[in-house]
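Notes to accompany the following structure.
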Amino acid sequence: MTPGVRLKFTGAIAALLVLALLVDHASPGFALAKVGTVVSQAIQQTLRPPRAKPAQRAVPAVAEASAFALADIPSQYLGLYIRAARACPALSWQLLAGIGKVETDHGRTPAPGVRSGVNAFGCCAGPMQFNIRNGPPSTWDTYGDGTPTHVYQPQYAIPAAAHKLCTDGLANPGASTADPCPTVAGTPAQHQAILRYNHACWYAHQVLALAARYTTTPTPTPLPADPFAQALAHDPHLHPTGARGCDPAADLGDPRLDLRLQSLLTVLATRWTLEISCLHSGHSRSVAHTTRTSNHYLWRAVDIDRVDQQPVSAHSPTTRALLAWLDHLQGPLRPQEVGSPLPLGHRPYFTDEAHQDHIHIGYGPL
Ligand SMILES: [Zn+2]
């Protein structure tokens with residue numbers, strides 16, 4: 001079997017597994033030995049018209065799941081997103097899944113507040129990060145099922161998130177007129193609903209860009225320019241330089257640039273003027289003196305040489321200010337690696353000979 005054929009075959013099995021999960025007779029978490037039975041039940045149900053109603057409605061949704069969606073979203077979560085989104089006219093399961101991805105990587109992040117307690121901001125809990133400390137009534141009181149501990153369980157949290165997004169504009173998308181995020185792809189109603197979830201256009205950009213990657217809808221070629229990336233490329237507070245042999249000017253507007261890096265640079269540019277020396281193009285494939293693939297090569301890292309015109313150094317107040325700001329950053333934009341001239345002494349910060357004159361910020365796999 002060639003790798004290509006094997007990939008397709010695996011994709012088909014994954015689609016069948018998801019289909020099985022969506023049929024009433026199957027329940028999430030079934031034993032692997034039962035998969036054959038469950039899948040054949042699913043197929044039989046699809047073929048038998050009177051009993052096939054849920055499966056029939058599920059098939060188009062699963063057919064819209066990209067290979068990335070099937071690989072990235074746990075099957076239990078995928079089934080929950082698809083079912084929950086059906087309750088709302090203008091809510092796609094991909095948008096809901098985009099929120100679940102950005103908030104907690106579909107419940108997989110080890111951060112506080114996902115499986116118990118509250119997050120680093122002291123407010124939010126569970127895979128969909130509902131505020132349980134505001135109110136009364138708290139956001140969870142309003143949209144959840146009334147049981148406090150259910151906020152940690154996806155089978156309750158995901159329908160509650162769908163309920164909230166629907167209430168915040170997706171039940172009646174025609175009513176939204178003003179677009180709060182004109183540089184973000186998507187509709188004004190989507191932007192409004194997402195901003196009510198987390199008030200930042202970079203957040204809406206991340207959610208909707210992920211939603212697009214979770215969909216198999218064929219995209220017209222060439223790809224239309226992403227307005228968010230275009231805005232980034234023309235941000236007057238970001239100054240790309242070719243001084244180190246890289247070509248960051250070409251990379252800033254490239255849609256391959258990691259979503260978190262796009263967002264982080266957008267936020268940083270509201271506070272400082274940055275000289276950017278390297279993103280992807282022109283950077284070596286490996287981390288210096290190692291065989292490790294650099295996050296630059298993977299479009300997930302940036303090197304900053306100047307902050308508000310000051311060259312990066314251990315003695316520069318703006319270097320210190322930017323690093324202090326980064327250190328307080330929580331949530332989806334928190335970097336996984338930060339190299340700088342300052343010995344901060346805790347992860348993800350590091351300092352070495354190669355990072356005396358720039359700040360390196362990198363992310364791990366999305
Ligand atoms: Zn770097």
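By convention here, the chains of the structure tokens are called A, B, ... in the order presented, each chain's residues are numbered starting at 1, and ligands are numbered starting at 1 in the order presented.
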
Select from chain A every residue with an atom at most 9 Å from any atom of ligand 1, then for each give the shortest pair of atoms and their distance in Å to one decimal, using only C-alpha atoms and all ligand atoms, rows by chain and rising number, as CSV.
residue,atom,partner,partner_atom_place_in_ligand_line,distance
A:Ser277,CA,ligand 1,1 (Zn),8.9
A:Cys278,CA,ligand 1,1 (Zn),6.9
A:Leu279,CA,ligand 1,1 (Zn),7.8
A:His283,CA,ligand 1,1 (Zn),8.4
A:Val287,CA,ligand 1,1 (Zn),8.4
A:Ser294,CA,ligand 1,1 (Zn),8.1
A:Asn295,CA,ligand 1,1 (Zn),7.9
A:His296,CA,ligand 1,1 (Zn),6.5
A:Ala301,CA,ligand 1,1 (Zn),6.2
A:Val302,CA,ligand 1,1 (Zn),5.7
A:Asp303,CA,ligand 1,1 (Zn),4.7
A:Ile304,CA,ligand 1,1 (Zn),8.3
A:Val338,CA,ligand 1,1 (Zn),8.7
A:Gly339,CA,ligand 1,1 (Zn),7.6
A:His355,CA,ligand 1,1 (Zn),8.2
A:His358,CA,ligand 1,1 (Zn),8.1
A:Ile359,CA,ligand 1,1 (Zn),7.3
A:His360,CA,ligand 1,1 (Zn),4.3
A:Ile361,CA,ligand 1,1 (Zn),6.6
A:Gly362,CA,ligand 1,1 (Zn),7.4

Next item on the list: From stretch 213-304 of chain A, collect each residue whose DSSP state is helix (DSSP H, G or I) and return the set as a list in words.
Entry: Arg213, Pro227, Phe228, Ala229, Gln230, Ala231, Leu232, Ala233, Pro248, Ala249, Ala250, Asp251, Leu252, Leu259, Arg260, Leu261, Gln262, Ser263, Leu264, Leu265, Thr266, Val267 and Leu268 of chain A

Selection export as a PDB file, in the first residue's frame, atoms kept: N, CA and C atoms:
ATOM      1  N   ARG A 213     -10.082  25.832   8.213  1.00  0.00           N
ATOM      2  CA  ARG A 213      -9.206  24.660   8.035  1.00  0.00           C
ATOM      3  C   ARG A 213      -9.917  23.356   8.398  1.00  0.00           C
ATOM      4  N   PRO A 227      -7.526  39.211   4.748  1.00  0.00           N
ATOM      5  CA  PRO A 227      -7.440  40.626   5.143  1.00  0.00           C
ATOM      6  C   PRO A 227      -6.648  40.848   6.437  1.00  0.00           C
ATOM      7  N   PHE A 228      -6.685  39.865   7.342  1.00  0.00           N
ATOM      8  CA  PHE A 228      -5.957  40.013   8.607  1.00  0.00           C
ATOM      9  C   PHE A 228      -4.448  40.009   8.341  1.00  0.00           C
ATOM     10  N   ALA A 229      -4.013  39.075   7.480  1.00  0.00           N
ATOM     11  CA  ALA A 229      -2.591  38.997   7.134  1.00  0.00           C
ATOM     12  C   ALA A 229      -2.167  40.243   6.350  1.00  0.00           C
ATOM     13  N   GLN A 230      -3.072  40.744   5.500  1.00  0.00           N
ATOM     14  CA  GLN A 230      -2.763  41.965   4.744  1.00  0.00           C
ATOM     15  C   GLN A 230      -2.578  43.157   5.679  1.00  0.00           C
ATOM     16  N   ALA A 231      -3.461  43.239   6.683  1.00  0.00           N
ATOM     17  CA  ALA A 231      -3.353  44.327   7.663  1.00  0.00           C
ATOM     18  C   ALA A 231      -2.040  44.230   8.422  1.00  0.00           C
ATOM     19  N   LEU A 232      -1.631  42.991   8.711  1.00  0.00           N
ATOM     20  CA  LEU A 232      -0.372  42.768   9.418  1.00  0.00           C
ATOM     21  C   LEU A 232       0.807  43.242   8.563  1.00  0.00           C
ATOM     22  N   ALA A 233       0.749  42.909   7.276  1.00  0.00           N
ATOM     23  CA  ALA A 233       1.836  43.280   6.363  1.00  0.00           C
ATOM     24  C   ALA A 233       1.966  44.799   6.239  1.00  0.00           C
ATOM     25  N   PRO A 248      11.540  39.004   6.156  1.00  0.00           N
ATOM     26  CA  PRO A 248      10.277  39.046   6.914  1.00  0.00           C
ATOM     27  C   PRO A 248       9.187  39.865   6.233  1.00  0.00           C
ATOM     28  N   ALA A 249       9.561  40.809   5.356  1.00  0.00           N
ATOM     29  CA  ALA A 249       8.544  41.624   4.683  1.00  0.00           C
ATOM     30  C   ALA A 249       7.630  40.734   3.844  1.00  0.00           C
ATOM     31  N   ALA A 250       8.217  39.730   3.199  1.00  0.00           N
ATOM     32  CA  ALA A 250       7.420  38.829   2.368  1.00  0.00           C
ATOM     33  C   ALA A 250       6.556  37.908   3.225  1.00  0.00           C
ATOM     34  N   ASP A 251       7.036  37.581   4.426  1.00  0.00           N
ATOM     35  CA  ASP A 251       6.347  36.591   5.262  1.00  0.00           C
ATOM     36  C   ASP A 251       5.171  37.162   6.049  1.00  0.00           C
ATOM     37  N   LEU A 252       5.223  38.457   6.367  1.00  0.00           N
ATOM     38  CA  LEU A 252       4.200  39.036   7.256  1.00  0.00           C
ATOM     39  C   LEU A 252       2.785  38.854   6.719  1.00  0.00           C
ATOM     40  N   LEU A 259      -1.116  31.221  13.072  1.00  0.00           N
ATOM     41  CA  LEU A 259      -2.211  32.078  13.541  1.00  0.00           C
ATOM     42  C   LEU A 259      -1.865  32.804  14.835  1.00  0.00           C
ATOM     43  N   ARG A 260      -1.200  32.075  15.754  1.00  0.00           N
ATOM     44  CA  ARG A 260      -0.879  32.686  17.053  1.00  0.00           C
ATOM     45  C   ARG A 260       0.155  33.787  16.873  1.00  0.00           C
ATOM     46  N   LEU A 261       1.101  33.570  15.942  1.00  0.00           N
ATOM     47  CA  LEU A 261       2.125  34.578  15.682  1.00  0.00           C
ATOM     48  C   LEU A 261       1.491  35.810  15.025  1.00  0.00           C
ATOM     49  N   GLN A 262       0.572  35.589  14.084  1.00  0.00           N
ATOM     50  CA  GLN A 262      -0.153  36.716  13.481  1.00  0.00           C
ATOM     51  C   GLN A 262      -0.833  37.547  14.564  1.00  0.00           C
ATOM     52  N   SER A 263      -1.509  36.861  15.471  1.00  0.00           N
ATOM     53  CA  SER A 263      -2.256  37.561  16.517  1.00  0.00           C
ATOM     54  C   SER A 263      -1.321  38.256  17.492  1.00  0.00           C
ATOM     55  N   LEU A 264      -0.270  37.543  17.911  1.00  0.00           N
ATOM     56  CA  LEU A 264       0.661  38.137  18.875  1.00  0.00           C
ATOM     57  C   LEU A 264       1.300  39.402  18.304  1.00  0.00           C
ATOM     58  N   LEU A 265       1.728  39.347  17.043  1.00  0.00           N
ATOM     59  CA  LEU A 265       2.360  40.524  16.431  1.00  0.00           C
ATOM     60  C   LEU A 265       1.366  41.682  16.336  1.00  0.00           C
ATOM     61  N   THR A 266       0.111  41.371  16.027  1.00  0.00           N
ATOM     62  CA  THR A 266      -0.922  42.408  15.968  1.00  0.00           C
ATOM     63  C   THR A 266      -1.076  43.088  17.328  1.00  0.00           C
ATOM     64  N   VAL A 267      -1.080  42.293  18.389  1.00  0.00           N
ATOM     65  CA  VAL A 267      -1.253  42.849  19.737  1.00  0.00           C
ATOM     66  C   VAL A 267       0.013  43.621  20.159  1.00  0.00           C
ATOM     67  N   LEU A 268       1.182  43.046  19.898  1.00  0.00           N
ATOM     68  CA  LEU A 268       2.439  43.725  20.267  1.00  0.00           C
ATOM     69  C   LEU A 268       2.550  45.081  19.561  1.00  0.00           C
TER      70      LEU A 268
END

Checklist line | Non-local contacts of A:Pro188 (12 Å; only C-alpha atoms; under 5 positions in same chain excluded) as a PyMOL selection string | finding: chain A and resi 90+168-170+172-183+193-195+201+204

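Atom CA of A:Tyr77 lies 22.2 Å from atom CA of A:Thr142.
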
Margin query: Can you measure atom CA of A:Thr167 to atom CA of A:Ala212 for me? One decimal in Å is fine.
Written below: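 Interatomic distance here is 22.4 Å.
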
Notebook entry, point to check: atom CA of A:Pro236 and atom CA of A:Trp272, how far apart in Å?
Noted result: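 Computing the Euclidean distance for atom CA of A:Trp272 and atom CA of A:Pro236 yields 10.6 Å.
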
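Using only C-alpha atoms for every distance, the candidate list A:Tyr214, A:Tyr349, A:Trp299, A:Tyr143 yields A:Tyr214 as the residue closest to A:Ser92.
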
Item checked: stretch 92-275 of chain A: residues DSSP assigns to strand (DSSP E or B), reported as a list in words -> Cys124, Ala125, Phe130, Asn131, Thr215, Leu238, His239, Pro240, Leu274 and Glu275 of chain A
